Amino acid sequence: MMGLVLFPGDGDIASPDVAWSYSGFSAFRRQLAQAEGFILSEMQGFGGERLWSQVATSLEPLLDRPDDGGGELSPADCGVILPRLEAIIGQWQDQDDAPLFQQHIADALQLAAVLRFCIEKDVELLFL
């Protein structure tokens with residue numbers, strides 16, 4: 001499967017990770033953007049003209065990046081993203097159409113676990 005894996009930069013293969021196909025990660029990020037009140041495809045870098053400075057979201061380090069560019073998020077970035085991600089998970093779980101969000105909820109819970117691990121161990125979150 002061609003896709004993306006997010007994992008802690010601690011060098012331990014037993015550490016938690018989360019993986020998506022590229023299309024799955026794209027769908028996940030579109031839902032996160034929607035939860036933040038904007039449409040990802042309208043943003044610069046995603047086919048649109050809207051500047052990232054025009055939206056207020058603590059998820060920007062996760063959302064404003066190429067799907068396949070590799071890279072990392074610092075433990076500080078993880079600490080900024082985690083509380084908002086957890087709040088969105090709660091919103092998704094409370095929706096009447098929660099079954100439609102089951103995969104996104106499962107992915108978000110796994111991502112939250114990886115972010116929490118990176119924060120606790122003070123290591124970067126790597127994208128591969």
# chains A, B, ... in the order shown; residues from 1 in each chain; ligands from 1
$ select_by_dssp --residues "chain A" --states "strand (DSSP E)" --output "JSON, numbers by chain"
{"A": [3, 4, 5, 6, 7, 8, 18, 19, 20, 21, 72, 73, 125, 126, 127]}
$ write_last_selection --atoms "all heavy atoms" --output "compact mmCIF listing (two decimals), in the first residue's frame"
# COMPACT_ATOMS: atom_id res chain seq x y z
N GLY A 3 1.35 4.91 0.94
CA GLY A 3 0.70 5.74 1.92
C GLY A 3 1.68 6.44 2.82
O GLY A 3 2.84 6.66 2.46
N LEU A 4 1.18 6.77 3.97
CA LEU A 4 1.88 7.63 4.90
C LEU A 4 1.85 7.00 6.29
O LEU A 4 0.82 6.48 6.70
CB LEU A 4 1.13 8.97 4.92
CG LEU A 4 1.65 10.10 5.74
CD1 LEU A 4 2.96 10.62 5.14
CD2 LEU A 4 0.63 11.22 5.75
N VAL A 5 2.98 7.05 6.97
CA VAL A 5 3.05 6.57 8.35
C VAL A 5 3.57 7.72 9.20
O VAL A 5 4.55 8.38 8.84
CB VAL A 5 3.99 5.35 8.50
CG1 VAL A 5 4.04 4.89 9.95
CG2 VAL A 5 3.55 4.22 7.59
N LEU A 6 2.90 7.98 10.31
CA LEU A 6 3.34 8.98 11.29
C LEU A 6 3.79 8.20 12.52
O LEU A 6 3.05 7.36 13.04
CB LEU A 6 2.21 9.93 11.66
CG LEU A 6 1.90 11.06 10.68
CD1 LEU A 6 1.47 10.54 9.34
CD2 LEU A 6 0.84 11.98 11.25
N PHE A 7 5.02 8.49 12.97
CA PHE A 7 5.58 7.71 14.08
C PHE A 7 6.57 8.56 14.88
O PHE A 7 7.14 9.51 14.35
CB PHE A 7 6.25 6.44 13.56
CG PHE A 7 7.38 6.69 12.60
CD1 PHE A 7 8.70 6.69 13.04
CD2 PHE A 7 7.13 6.94 11.25
CE1 PHE A 7 9.74 6.93 12.16
CE2 PHE A 7 8.17 7.18 10.37
CZ PHE A 7 9.47 7.17 10.82
N PRO A 8 6.79 8.23 16.15
CA PRO A 8 7.74 8.97 16.98
C PRO A 8 9.17 8.74 16.50
O PRO A 8 9.53 7.64 16.09
CB PRO A 8 7.56 8.37 18.38
CG PRO A 8 6.27 7.61 18.33
CD PRO A 8 6.08 7.20 16.92
N VAL A 18 0.68 5.53 13.35
CA VAL A 18 -0.60 5.58 12.67
C VAL A 18 -0.31 5.68 11.18
O VAL A 18 0.63 6.36 10.77
CB VAL A 18 -1.48 6.75 13.18
CG1 VAL A 18 -0.82 8.09 13.00
CG2 VAL A 18 -2.87 6.74 12.54
N ALA A 19 -1.09 4.93 10.37
CA ALA A 19 -0.83 4.87 8.93
C ALA A 19 -2.12 5.09 8.16
O ALA A 19 -3.20 4.70 8.60
CB ALA A 19 -0.23 3.52 8.57
N TRP A 20 -1.98 5.72 7.01
CA TRP A 20 -3.08 5.95 6.09
C TRP A 20 -2.61 5.68 4.68
O TRP A 20 -1.43 5.85 4.38
CB TRP A 20 -3.52 7.42 6.09
CG TRP A 20 -4.26 7.94 7.25
CD1 TRP A 20 -5.61 7.92 7.43
CD2 TRP A 20 -3.74 8.63 8.38
NE1 TRP A 20 -5.94 8.54 8.60
CE2 TRP A 20 -4.81 8.98 9.21
CE3 TRP A 20 -2.45 8.98 8.79
CZ2 TRP A 20 -4.64 9.67 10.41
CZ3 TRP A 20 -2.27 9.65 9.98
CH2 TRP A 20 -3.37 9.99 10.78
N SER A 21 -3.54 5.37 3.79
CA SER A 21 -3.28 5.52 2.37
C SER A 21 -3.26 7.02 2.12
O SER A 21 -3.76 7.81 2.94
CB SER A 21 -4.40 4.87 1.55
OG SER A 21 -5.63 5.56 1.77
N GLU A 72 8.74 16.36 9.74
CA GLU A 72 8.45 16.06 11.13
C GLU A 72 7.70 17.21 11.77
O GLU A 72 7.63 18.30 11.24
CB GLU A 72 9.73 15.80 11.92
CG GLU A 72 10.62 17.01 12.12
CD GLU A 72 11.48 17.36 10.93
OE1 GLU A 72 11.96 16.45 10.20
OE2 GLU A 72 11.67 18.56 10.71
N LEU A 73 7.13 16.91 12.93
CA LEU A 73 6.54 17.91 13.81
C LEU A 73 7.30 17.85 15.12
O LEU A 73 7.61 16.76 15.61
CB LEU A 73 5.05 17.63 14.07
CG LEU A 73 4.11 17.75 12.87
CD1 LEU A 73 2.69 17.37 13.29
CD2 LEU A 73 4.13 19.14 12.29
N LEU A 125 7.57 13.94 15.86
CA LEU A 125 6.67 13.09 15.10
C LEU A 125 7.14 13.10 13.67
O LEU A 125 7.24 14.16 13.04
CB LEU A 125 5.23 13.62 15.19
CG LEU A 125 4.19 12.88 14.35
CD1 LEU A 125 3.97 11.48 14.89
CD2 LEU A 125 2.89 13.65 14.31
N LEU A 126 7.49 11.94 13.14
CA LEU A 126 8.04 11.84 11.79
C LEU A 126 6.97 11.38 10.81
O LEU A 126 6.08 10.59 11.15
CB LEU A 126 9.20 10.84 11.78
CG LEU A 126 10.37 11.15 12.72
CD1 LEU A 126 11.43 10.07 12.61
CD2 LEU A 126 10.95 12.51 12.44
N PHE A 127 7.07 11.88 9.59
CA PHE A 127 6.18 11.51 8.50
C PHE A 127 7.01 10.73 7.48
O PHE A 127 8.06 11.20 7.05
CB PHE A 127 5.64 12.78 7.79
CG PHE A 127 4.64 13.55 8.60
CD1 PHE A 127 5.03 14.23 9.75
CD2 PHE A 127 3.32 13.62 8.19
CE1 PHE A 127 4.12 14.96 10.48
CE2 PHE A 127 2.40 14.36 8.92
CZ PHE A 127 2.79 15.02 10.07
$ closest_residue --among "A:His104, A:Ala113, A:Asp67, A:Val80" --to "A:Tyr22" --atoms "only C-alpha atoms"
A:Asp67
$ closest_residue --among "A:Leu128, A:Ala56, A:Ile88, A:Leu109" --to "A:Leu32" --atoms "only C-alpha atoms"
A:Ile88
$ residues_around --residues "stretch 37-46 of chain A" --least-positions-apart "6" --cutoff "12 Å" --atoms "only C-alpha atoms" --output "ChimeraX atom specification"
/A:26-31,52-57,59-60,63-67,88
$ residues_around --residues "stretch 120-124 of chain A" --least-positions-apart "3" --cutoff "10 Å" --atoms "only C-alpha atoms" --output "JSON, numbers by chain"
{"A": [7, 8, 9, 10, 11, 71, 72, 73, 74, 75, 76, 77, 78, 79, 114, 115, 116, 117, 127]}
$ write_last_selection --atoms "C-alpha atoms" --output "PDB file, in the first residue's frame"
ATOM      1  CA  PHE A   7       5.579   7.712  14.075  1.00  0.00           C
ATOM      2  CA  PRO A   8       7.741   8.965  16.978  1.00  0.00           C
ATOM      3  CA  GLY A   9      11.363   9.711  16.187  1.00  0.00           C
ATOM      4  CA  ASP A  10      12.626   7.644  19.103  1.00  0.00           C
ATOM      5  CA  GLY A  11      14.175   4.864  17.024  1.00  0.00           C
ATOM      6  CA  GLY A  71       9.337  15.798   7.491  1.00  0.00           C
ATOM      7  CA  GLU A  72       8.451  16.056  11.127  1.00  0.00           C
ATOM      8  CA  LEU A  73       6.535  17.913  13.810  1.00  0.00           C
ATOM      9  CA  SER A  74       8.306  19.044  16.945  1.00  0.00           C
ATOM     10  CA  PRO A  75       7.141  17.919  20.401  1.00  0.00           C
ATOM     11  CA  ALA A  76       5.880  21.515  20.851  1.00  0.00           C
ATOM     12  CA  ASP A  77       3.802  21.228  17.646  1.00  0.00           C
ATOM     13  CA  CYS A  78       2.392  17.941  18.950  1.00  0.00           C
ATOM     14  CA  GLY A  79       1.468  19.692  22.195  1.00  0.00           C
ATOM     15  CA  VAL A 114       1.140   8.937  18.930  1.00  0.00           C
ATOM     16  CA  LEU A 115       1.102  12.706  19.645  1.00  0.00           C
ATOM     17  CA  ARG A 116       0.847  12.044  23.384  1.00  0.00           C
ATOM     18  CA  PHE A 117       3.793   9.612  23.171  1.00  0.00           C
ATOM     19  CA  PHE A 127       6.178  11.513   8.495  1.00  0.00           C
TER      20      PHE A 127
END
$ select_by_dssp --residues "chain A" --states "alpha helix (DSSP H)" --output "JSON, numbers by chain"
{"A": [22, 23, 24, 25, 26, 27, 28, 29, 30, 31, 32, 33, 34, 35, 60, 61, 62, 63, 75, 76, 77, 78, 79, 80, 81, 82, 83, 84, 85, 86, 87, 88, 89, 90, 91, 92, 93, 94, 102, 103, 104, 105, 106, 107, 108, 109, 110, 111, 112, 113, 114, 115, 116, 117, 118, 119, 120, 121]}
$ write_last_selection --atoms "C-alpha atoms" --output "compact mmCIF listing (two decimals), in the first residue's frame"
# COMPACT_ATOMS: atom_id res chain seq x y z
CA TYR A 22 -2.70 8.89 0.71
CA SER A 23 -6.40 9.12 -0.11
CA GLY A 24 -7.31 8.16 3.46
CA PHE A 25 -5.02 10.83 4.92
CA SER A 26 -6.46 13.37 2.51
CA ALA A 27 -10.01 12.51 3.57
CA PHE A 28 -9.01 12.66 7.25
CA ARG A 29 -7.46 16.11 6.83
CA ARG A 30 -10.51 17.36 4.89
CA GLN A 31 -12.71 16.33 7.83
CA LEU A 32 -10.38 18.01 10.33
CA ALA A 33 -10.44 21.23 8.27
CA GLN A 34 -14.23 21.07 8.08
CA ALA A 35 -14.37 20.68 11.87
CA GLU A 60 -2.16 24.02 10.93
CA PRO A 61 1.16 22.13 11.45
CA LEU A 62 -0.69 18.90 10.61
CA LEU A 63 -2.91 20.27 7.86
CA PRO A 75 7.14 17.92 20.40
CA ALA A 76 5.88 21.52 20.85
CA ASP A 77 3.80 21.23 17.65
CA CYS A 78 2.39 17.94 18.95
CA GLY A 79 1.47 19.69 22.20
CA VAL A 80 -0.43 22.38 20.28
CA ILE A 81 -2.28 19.88 18.06
CA LEU A 82 -3.28 17.29 20.67
CA PRO A 83 -5.89 19.25 22.71
CA ARG A 84 -7.73 20.42 19.59
CA LEU A 85 -7.61 16.94 18.05
CA GLU A 86 -9.10 15.47 21.23
CA ALA A 87 -11.88 18.08 21.18
CA ILE A 88 -12.71 17.21 17.56
CA ILE A 89 -12.77 13.49 18.41
CA GLY A 90 -15.37 14.30 21.07
CA GLN A 91 -17.44 16.27 18.55
CA TRP A 92 -17.31 13.42 16.03
CA GLN A 93 -18.30 10.86 18.67
CA ASP A 94 -21.31 12.99 19.70
CA GLN A 102 -15.89 5.63 12.71
CA GLN A 103 -12.72 5.32 10.62
CA HIS A 104 -11.82 8.99 11.18
CA ILE A 105 -12.48 8.59 14.92
CA ALA A 106 -10.31 5.46 15.07
CA ASP A 107 -7.54 7.20 13.12
CA ALA A 108 -7.79 10.33 15.26
CA LEU A 109 -7.61 8.30 18.48
CA GLN A 110 -4.50 6.51 17.19
CA LEU A 111 -2.96 9.83 16.09
CA ALA A 112 -3.71 11.29 19.54
CA ALA A 113 -1.90 8.34 21.16
CA VAL A 114 1.14 8.94 18.93
CA LEU A 115 1.10 12.71 19.65
CA ARG A 116 0.85 12.04 23.38
CA PHE A 117 3.79 9.61 23.17
CA CYS A 118 5.91 12.20 21.32
CA ILE A 119 5.10 14.83 23.94
CA GLU A 120 5.87 12.51 26.86
CA LYS A 121 9.13 11.26 25.34
$ atom_distance --atom1 "atom CA of A:Pro16" --atom2 "atom CA of A:Gly70"
17.7 Å
